[in-house]
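Below is one structure; the comments refer to it alone.
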Amino acid sequence: MTFQGWLLIAAFVGILLAFTKPVGLWLFALYEGRRTPLHAVLGPIERGFYRLSGIDPNEEQNWRRYAVHMLIFNAALLLLTYAVLRLQALLPLNPQGLPAVGEHLSFNTAVSFTTNTNWQSYAGESTLSTLSQMLGLTIHNFLSAATGIALAFAFFRGFARRNAGTIGNFWADITRVTLYLLLPACIVYALFLIASGVPQTLAGSVDLTTLEGAKQTLALGPVASQEAIKMLGTNGGGFFNANSAHPFENPTAITNLVQMLSIFAIGFGLTWTFGKAVGNPRQGWAILAAMTTIFLIGVGITYWQEAAGNPVLHHLGAMGGNMEGKEVRFGIAASALFSVVTTAASCGAVNAMHDSFTALGGLIPLFNIQLGEVVVGGVGAGIYGFLLFAILAVFVAGLMVGRTPEYVGKKIESREVKLAVLAIAVLPLIILGFTAIASVTDAGLAGPLNKGPHGFSEILYAFTSGVGNNGSAFAGLTANTPFYNGLLGVAMWIGRFFIIIPMLAIAGSLAAKKYTPETAGSFPTTGPLWTGLLIGIVAVVGGLTFLPSLALGPIADHLAMIHGQLF
């Protein structure tokens with residue numbers, strides 16, 4: 001570990017904290033439907049969209065209507081993407097003449113990008129045409145991210161409103177987020193990437209001669225536009241197979257830092273938006289403090305392990321940190337930080353191969369996803385996931401003090417607690433259940449390239465990533481098979497929407513309740529004690545569930561590595 005490495009981590013956190021309130025203010029304006037400086041230009045487009053679609057943005061929806069409209073919208077997008085991929089060979093903007101994508105891979109990819117997972121069982125530059133990248137994938141990067149933020153707004157309204165039967169309008173929320181946040185931010189972001197050397201062209205490839213005189217073909221395409229929303233929307237699906245390790249996606253140390261910042265920017269801002277929405281910004285800062293603490297612990301462990309290196313190689317006389325699977329232009333610190341950022345958020349973009357990390361270094365990215373990706377998390381999904389844990393935390397606090405639990409002025413009763421437990425329990429049940437199926441069937445065991453604990457970790461990481469809507473992978477798993485494409489597709493759909501529905505039900509229940517003012521007997525939910533309780537609940541509820549799988553995978557792999565056994 002080096003001073004420069006810790007300075008990078010400190011600068012990263014410091015910049016994010018400085019941007020938290022400005023980003024939160026902009027998000028709060030969209031949450032309330034207020035006018036922004038961009039309305040003068042984009043307002044007519046928004047109003048035109050409402051007229052063409054027959055939508056009244058002022059018509060409020062209860063939680064059931066909000067959920068139904070959200071599901072219909074996402075199902076339609078899934079079918080659109082599936083059709084684009086299956087008809088790829090017949091559609092324009094296919095300069096390489098690529099064939100249609102197969103049935104099971106098209107299903108997996110369509111579900112993956114609809115759910116903001118962006119798991120990729122294929123190499124983008126050799127599988128998808130320019131049109132498929134733009135119409136099939138990039139459009140999802142915008143709309144799946146906008147869906148997550150819209151859902152967070154709906155949940156905020158559940159806490160903020162009193163005696164109300166509605167939680168907003170899904171179509172208005174998703175339109176405002178896309179028009180006034182994601183599109184303008186990504187235009188600026190893409191221009192920065194183009195200036196940094198990221199390609200943005202409709203050409204499919206370019207032929208060149210290397211310094212050695214060999215002929216080489218480099219894949220090109222509209223990379224910068226996809227890269228911008230890939231990071232800002234915590235999508236993670238790379239234009240190229242090497243993702244953000246590829247120099248055409250992430251060419252310099254500066255672009256690497258900006259990509260990491262953009263992954264967390266909206267998630268940090270939403271914590272402040274929540275505090276503002278419920279009339280107490282300290283509530284948002286308390287949540288952010290808990291998230292940041294867990295994040296920094298994870299970064300410290302990963303950086304320590306990767307800087308320490310592989311003890312097997314040390315015994316052979318090769319000293320130094322673990323550079324396997326890492327880009328020299330980034331180094332250990334930036335690679336370790338990126339890995340924790342991308343898995344603490346539901347991004348899944350990688351600038352180093354997690355499969356090549358040390359056993360305990362790879363455990364932290366895996367563990368981040370298994371917590372439910374609530375440590376900042378995906379845009380929108382992270383904050384509403386963390387608030388589910390907050391409901392459990394106040395319930396536990398209520399048991400300790402013998403009072404009906406309250407949170408931000410709303411009594412938390414049995415209905416809310418049961419729904420929160422239901423939403424949180426989905427992840428471990430599906431992750432462990434599907435991992436078990438893959439671990440005992442011939443089709444599942446044909447996937448991992450490694451044997452023993454590390455091979456198990458590859459299977460476990462795949463289903464953890466799918467259910468957690470992350471999309472990163474331990475690269476040793478051969479996942480482009482009917483078994484994995486099908487089962488992972490189902491896992492991604494469950495991991496996204498089986499959490500959203502209970503969450504929206506909680507929002508509707510809370511919105512209908514009256515405001516309960518704090519009293520001397522209320523448990524405080526803004527100080528260090530509350531932050532510590534939040535961290536403990538996330539760690540215990542989200543962590544202990546997975547101890548059996550962790551013992552079988554990364555921990556066993558670490559013990560094997562210490563004893564000089566290579567798997």
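Numbering starts fresh at 1 for the residues of each chain in the structure tokens, the chains themselves are lettered A, B, ... in the order given, and ligands are numbered from 1 as they appear.
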
Please identify every residue of range 161-182 of chain A that has at least one atom no farther than 9 Å from an atom of range 20-41 of chain A, counting only C-alpha atoms, and for each give the shortest atom pair and the distance in Å to one decimal, arranged by chain then increasing number, as CSV.
residue,atom,partner,partner_atom,distance
A:Ala172,CA,A:Gly33,CA,8.5
A:Asp173,CA,A:Tyr31,CA,7.4
A:Arg176,CA,A:Leu30,CA,6.4
A:Val177,CA,A:Leu30,CA,6.8
A:Leu179,CA,A:Leu38,CA,8.9
A:Tyr180,CA,A:Leu38,CA,6.6
A:Leu181,CA,A:Leu27,CA,8.0

Checklist entry - Which neighbours of Ala145 in chain A fall inside 6 Å, counting only C-alpha atoms, when residues of the same chain fewer than 3 positions from it are skipped, and could you give them as a PyMOL selection string? => result chain A and resi 142+148+233

May I have the residues from that selection written out with C-alpha atoms, as a PDB file, in the first residue's frame?
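Saved to out.pdb:
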ATOM      1  CA  PHE A 142     -31.198   5.373 -19.814  1.00  0.00           C
ATOM      2  CA  GLY A 148     -34.778   3.170 -10.488  1.00  0.00           C
ATOM      3  CA  GLY A 233     -26.784   5.083 -14.657  1.00  0.00           C
TER       4      GLY A 233
END

Between CA of Tyr50 in chain A and CA of Tyr82 in chain A lies a distance of 26.7 Å

Need to verify the contact set: range 185-187 of chain A, 8 Å, only C-alpha atoms, exclusion of same-chain residues closer than 5 positions in sequence. Can you return it as a ChimeraX atom specification? /A:225,228-229,232

With N, CA and C atoms retained, write the just-selected residues as a PDB file, in the first residue's frame.
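result32.pdb written:
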ATOM      1  N   SER A 225     -20.992   7.547 -26.199  1.00  0.00           N
ATOM      2  CA  SER A 225     -22.379   7.783 -25.780  1.00  0.00           C
ATOM      3  C   SER A 225     -22.881   6.650 -24.895  1.00  0.00           C
ATOM      4  N   ALA A 228     -21.000   6.797 -21.302  1.00  0.00           N
ATOM      5  CA  ALA A 228     -21.444   7.824 -20.364  1.00  0.00           C
ATOM      6  C   ALA A 228     -22.616   7.344 -19.515  1.00  0.00           C
ATOM      7  N   ILE A 229     -23.662   6.829 -20.172  1.00  0.00           N
ATOM      8  CA  ILE A 229     -24.820   6.383 -19.393  1.00  0.00           C
ATOM      9  C   ILE A 229     -24.539   5.050 -18.716  1.00  0.00           C
ATOM     10  N   LEU A 232     -22.923   6.543 -15.406  1.00  0.00           N
ATOM     11  CA  LEU A 232     -23.787   7.434 -14.630  1.00  0.00           C
ATOM     12  C   LEU A 232     -25.057   6.725 -14.178  1.00  0.00           C
TER      13      LEU A 232
END

Q.
List the spatial neighbours of range 360-370 of chain A as a PyMOL selection string - criterion: any atom at most 7 Å away, only C-alpha atoms, same-chain residues fewer than 2 positions off excluded.
A. chain A and resi 298+301-302+305-306+339-340+343-344+354+357-358+372-373+461+464-465+468+542+554-555+558

Fill in: Contacts of Asp442 in chain A at 12 Å (only C-alpha atoms; same-chain gap of 6+ positions) as an MDAnalysis selection string
chainID A and resid 448 483:484

Just write the chosen residues, C-alpha atoms, as a CSV table (one decimal), in the first residue's frame.
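What ended up in selection-v4.csv:
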chain,number,residue,atom,x,y,z
A,448,PRO,CA,-16.6,-23.0,-14.2
A,483,PHE,CA,-28.6,-23.4,-18.8
A,484,TYR,CA,-26.9,-20.3,-17.5

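Residue nearest Ala436 in chain A, chosen from A:Pro199, A:Asn169, A:Val111, A:Phe456 and counting only C-alpha atoms: A:Phe456.
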
Which residues, written as a CSV table (one decimal) with N, CA and C atoms, in the first residue's frame, have at least one atom at most 12 Å from Ala195 in chain A, with only C-alpha atoms counted and residues fewer than 4 positions away on the same chain left out?
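The file below, around-v2.csv, is the result:
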chain,number,residue,atom,x,y,z
A,188,VAL,N,-22.8,16.0,-21.9
A,188,VAL,CA,-21.5,16.6,-21.4
A,188,VAL,C,-20.5,15.5,-21.1
A,189,TYR,N,-20.9,14.4,-20.5
A,189,TYR,CA,-20.0,13.3,-20.2
A,189,TYR,C,-19.4,12.7,-21.4
A,190,ALA,N,-20.2,12.5,-22.4
A,190,ALA,CA,-19.8,11.8,-23.7
A,190,ALA,C,-18.8,12.7,-24.4
A,191,LEU,N,-19.0,14.0,-24.4
A,191,LEU,CA,-18.1,15.0,-25.0
A,191,LEU,C,-16.7,14.9,-24.3
A,199,PRO,N,-13.8,6.5,-28.7
A,199,PRO,CA,-14.4,6.6,-30.1
A,199,PRO,C,-15.9,6.9,-30.0
A,200,GLN,N,-16.4,7.6,-31.0
A,200,GLN,CA,-17.8,7.9,-31.2
A,200,GLN,C,-18.0,7.9,-32.7
A,224,ALA,N,-18.5,6.3,-26.8
A,224,ALA,CA,-18.6,7.4,-25.8
A,224,ALA,C,-20.0,7.6,-25.3
A,248,PHE,N,-10.3,1.9,-25.2
A,248,PHE,CA,-11.3,2.6,-26.0
A,248,PHE,C,-12.5,3.0,-25.1
A,250,ASN,N,-11.9,3.4,-21.5
A,250,ASN,CA,-11.4,4.0,-20.3
A,250,ASN,C,-9.9,4.2,-20.5
A,251,PRO,N,-9.5,5.3,-21.3
A,251,PRO,CA,-8.1,5.4,-21.7
A,251,PRO,C,-7.1,5.9,-20.7
A,252,THR,N,-7.5,6.7,-19.7
A,252,THR,CA,-6.5,7.3,-18.9
A,252,THR,C,-6.9,7.2,-17.4
A,254,ILE,N,-7.4,9.8,-15.6
A,254,ILE,CA,-8.5,10.8,-15.3
A,254,ILE,C,-9.8,10.2,-15.7
A,255,THR,N,-9.9,9.6,-16.8
A,255,THR,CA,-11.3,9.0,-17.2
A,255,THR,C,-11.6,7.9,-16.2

* DSSP says alpha helix (DSSP H) for which residues of range 166-373 of chain A? Put them as a PyMOL selection string? -> chain A and resi 170-177+183-195+223-232+253-277+281-308+311-315+331-344+359-370

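Within the 7 Å cut-off around Cys347 in chain A, using only C-alpha atoms and omitting residues fewer than 2 positions from it on the same chain, the listed residues are Thr234, Asn235, Gly236, Thr342, Thr343, Ala345, Ala349, Gly378, Asn470 and Gly471 of chain A.
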
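Minimum distance to Ile332 in chain A across A:Gln4, A:Leu93, A:Thr273, A:Gly476 (counting only C-alpha atoms) occurs at A:Gln4.
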
Exercise. Per DSSP on the backbone, what are the strand (DSSP E or B) residues of range 77-269 of chain A, as a VMD selection string?
Worked result: chain A and resid 205 to 209 215 to 219

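Candidate residues A:Ile72, A:Val417, A:Trp119, A:Arg47 were compared for distance to Ser472 in chain A, and the nearest is A:Trp119, using only C-alpha atoms.
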
Please, which residues in range 400-465 of chain A fall within 12 Å of range 485-495 of chain A when counting only C-alpha atoms, and what is the closest atom pair and distance in Å to one decimal for each, ordered by chain then residue number, as CSV?
residue,atom,partner,partner_atom,distance
A:Ala423,CA,A:Gly495,CA,9.4
A:Ile424,CA,A:Gly495,CA,10.0
A:Ala425,CA,A:Gly495,CA,10.5
A:Val426,CA,A:Gly495,CA,7.1
A:Leu427,CA,A:Gly495,CA,6.4
A:Pro428,CA,A:Gly495,CA,10.0
A:Leu429,CA,A:Gly495,CA,10.3
A:Ile430,CA,A:Ala491,CA,6.9
A:Ile431,CA,A:Ala491,CA,7.9
A:Leu432,CA,A:Ala491,CA,11.0
A:Gly433,CA,A:Ala491,CA,10.2
A:Phe434,CA,A:Leu487,CA,7.6
A:Thr435,CA,A:Leu487,CA,10.0
A:Ile437,CA,A:Leu487,CA,9.7
A:Ala438,CA,A:Leu487,CA,9.2
A:Ala443,CA,A:Leu487,CA,11.1
A:Gly444,CA,A:Leu487,CA,10.0
A:Gly447,CA,A:Asn485,CA,11.3
A:Ile459,CA,A:Leu488,CA,10.7
A:Leu460,CA,A:Leu488,CA,11.5
A:Tyr461,CA,A:Leu488,CA,11.4
A:Ala462,CA,A:Leu488,CA,7.9
A:Phe463,CA,A:Leu488,CA,6.6
A:Thr464,CA,A:Ala491,CA,9.1
A:Ser465,CA,A:Met492,CA,8.5

Restricting it to N, CA, C and O atoms, dump the selection as a tab-separated table (two decimals), in the first residue's frame.
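Done, and the output landed in part_38.tsv:
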chain	number	residue	atom	x	y	z
A	423	ALA	N	-39.07	-8.47	0.95
A	423	ALA	CA	-38.21	-7.91	-0.10
A	423	ALA	C	-36.75	-8.30	0.11
A	423	ALA	O	-36.05	-8.67	-0.84
A	424	ILE	N	-36.28	-8.22	1.34
A	424	ILE	CA	-34.87	-8.51	1.62
A	424	ILE	C	-34.58	-10.00	1.49
A	424	ILE	O	-33.50	-10.41	1.05
A	425	ALA	N	-35.56	-10.85	1.85
A	425	ALA	CA	-35.34	-12.30	1.85
A	425	ALA	C	-35.26	-12.88	0.44
A	425	ALA	O	-34.76	-14.00	0.25
A	426	VAL	N	-35.76	-12.13	-0.56
A	426	VAL	CA	-35.72	-12.63	-1.93
A	426	VAL	C	-34.29	-12.93	-2.37
A	426	VAL	O	-34.01	-13.96	-2.99
A	427	LEU	N	-33.36	-12.03	-2.04
A	427	LEU	CA	-31.99	-12.18	-2.52
A	427	LEU	C	-31.32	-13.46	-2.05
A	427	LEU	O	-30.86	-14.26	-2.88
A	428	PRO	N	-31.25	-13.72	-0.74
A	428	PRO	CA	-30.56	-14.94	-0.32
A	428	PRO	C	-31.24	-16.21	-0.81
A	428	PRO	O	-30.56	-17.18	-1.16
A	429	LEU	N	-32.56	-16.22	-0.85
A	429	LEU	CA	-33.26	-17.43	-1.28
A	429	LEU	C	-32.94	-17.77	-2.73
A	429	LEU	O	-32.66	-18.94	-3.06
A	430	ILE	N	-32.94	-16.79	-3.60
A	430	ILE	CA	-32.69	-17.06	-5.01
A	430	ILE	C	-31.20	-17.29	-5.27
A	430	ILE	O	-30.82	-18.19	-6.02
A	431	ILE	N	-30.34	-16.49	-4.64
A	431	ILE	CA	-28.90	-16.67	-4.84
A	431	ILE	C	-28.47	-18.07	-4.40
A	431	ILE	O	-27.83	-18.81	-5.16
A	432	LEU	N	-28.81	-18.43	-3.18
A	432	LEU	CA	-28.37	-19.73	-2.66
A	432	LEU	C	-29.09	-20.88	-3.35
A	432	LEU	O	-28.49	-21.93	-3.63
A	433	GLY	N	-30.36	-20.69	-3.66
A	433	GLY	CA	-31.11	-21.76	-4.32
A	433	GLY	C	-30.59	-22.05	-5.72
A	433	GLY	O	-30.34	-23.21	-6.08
A	434	PHE	N	-30.39	-21.00	-6.52
A	434	PHE	CA	-29.91	-21.21	-7.89
A	434	PHE	C	-28.45	-21.66	-7.91
A	434	PHE	O	-28.06	-22.45	-8.77
A	435	THR	N	-27.65	-21.17	-6.96
A	435	THR	CA	-26.26	-21.64	-6.86
A	435	THR	C	-26.22	-23.13	-6.54
A	435	THR	O	-25.40	-23.88	-7.08
A	437	ILE	N	-28.50	-25.35	-7.31
A	437	ILE	CA	-28.90	-26.10	-8.51
A	437	ILE	C	-27.72	-26.23	-9.47
A	437	ILE	O	-27.43	-27.31	-10.00
A	438	ALA	N	-27.01	-25.11	-9.69
A	438	ALA	CA	-25.89	-25.13	-10.62
A	438	ALA	C	-24.74	-25.98	-10.11
A	438	ALA	O	-23.95	-26.51	-10.90
A	443	ALA	N	-25.06	-29.55	-16.24
A	443	ALA	CA	-25.04	-28.31	-17.02
A	443	ALA	C	-24.41	-27.17	-16.23
A	443	ALA	O	-23.68	-26.34	-16.77
A	444	GLY	N	-24.68	-27.14	-14.93
A	444	GLY	CA	-24.09	-26.10	-14.09
A	444	GLY	C	-22.61	-26.30	-13.88
A	444	GLY	O	-21.81	-25.36	-13.95
A	447	GLY	N	-19.84	-25.15	-16.42
A	447	GLY	CA	-19.51	-23.74	-16.59
A	447	GLY	C	-18.17	-23.28	-16.05
A	447	GLY	O	-17.38	-22.66	-16.76
A	459	ILE	N	-19.43	-19.80	-9.75
A	459	ILE	CA	-20.88	-20.03	-9.84
A	459	ILE	C	-21.62	-19.11	-8.88
A	459	ILE	O	-22.61	-18.46	-9.23
A	460	LEU	N	-21.14	-19.04	-7.63
A	460	LEU	CA	-21.77	-18.20	-6.62
A	460	LEU	C	-21.78	-16.74	-7.04
A	460	LEU	O	-22.80	-16.04	-6.90
A	461	TYR	N	-20.66	-16.27	-7.58
A	461	TYR	CA	-20.57	-14.86	-7.99
A	461	TYR	C	-21.56	-14.58	-9.12
A	461	TYR	O	-22.19	-13.52	-9.15
A	462	ALA	N	-21.73	-15.52	-10.06
A	462	ALA	CA	-22.64	-15.30	-11.18
A	462	ALA	C	-24.07	-15.08	-10.71
A	462	ALA	O	-24.73	-14.12	-11.13
A	463	PHE	N	-24.56	-15.93	-9.81
A	463	PHE	CA	-25.94	-15.77	-9.36
A	463	PHE	C	-26.08	-14.63	-8.36
A	463	PHE	O	-27.13	-13.98	-8.30
A	464	THR	N	-25.03	-14.36	-7.60
A	464	THR	CA	-25.05	-13.17	-6.74
A	464	THR	C	-25.16	-11.92	-7.60
A	464	THR	O	-25.95	-11.01	-7.33
A	465	SER	N	-24.36	-11.86	-8.66
A	465	SER	CA	-24.37	-10.71	-9.56
A	465	SER	C	-25.70	-10.58	-10.29
A	465	SER	O	-26.22	-9.47	-10.46

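Interatomic distance, CA of Pro281 in chain A against CA of Val408 in chain A: 10.9 Å.
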
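Proximity ranking of A:Ser262, A:Phe49, A:Ser346, A:Met134 relative to Leu85 in chain A places A:Met134 first, based on only C-alpha atoms.
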
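Minimum distance to Asn118 in chain A across A:Ala160, A:Leu261, A:Ala18, A:Val467 (counting only C-alpha atoms) occurs at A:Val467.
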
Atom pair CA of Gly320 in chain A + CA of Gly455 in chain A, distance 25.7 Å

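Shortest separation to Phe498 in chain A among A:Thr115, A:Asn280, A:Met353, A:Gly54 occurs at residue A:Thr115, atoms counted being only C-alpha atoms.
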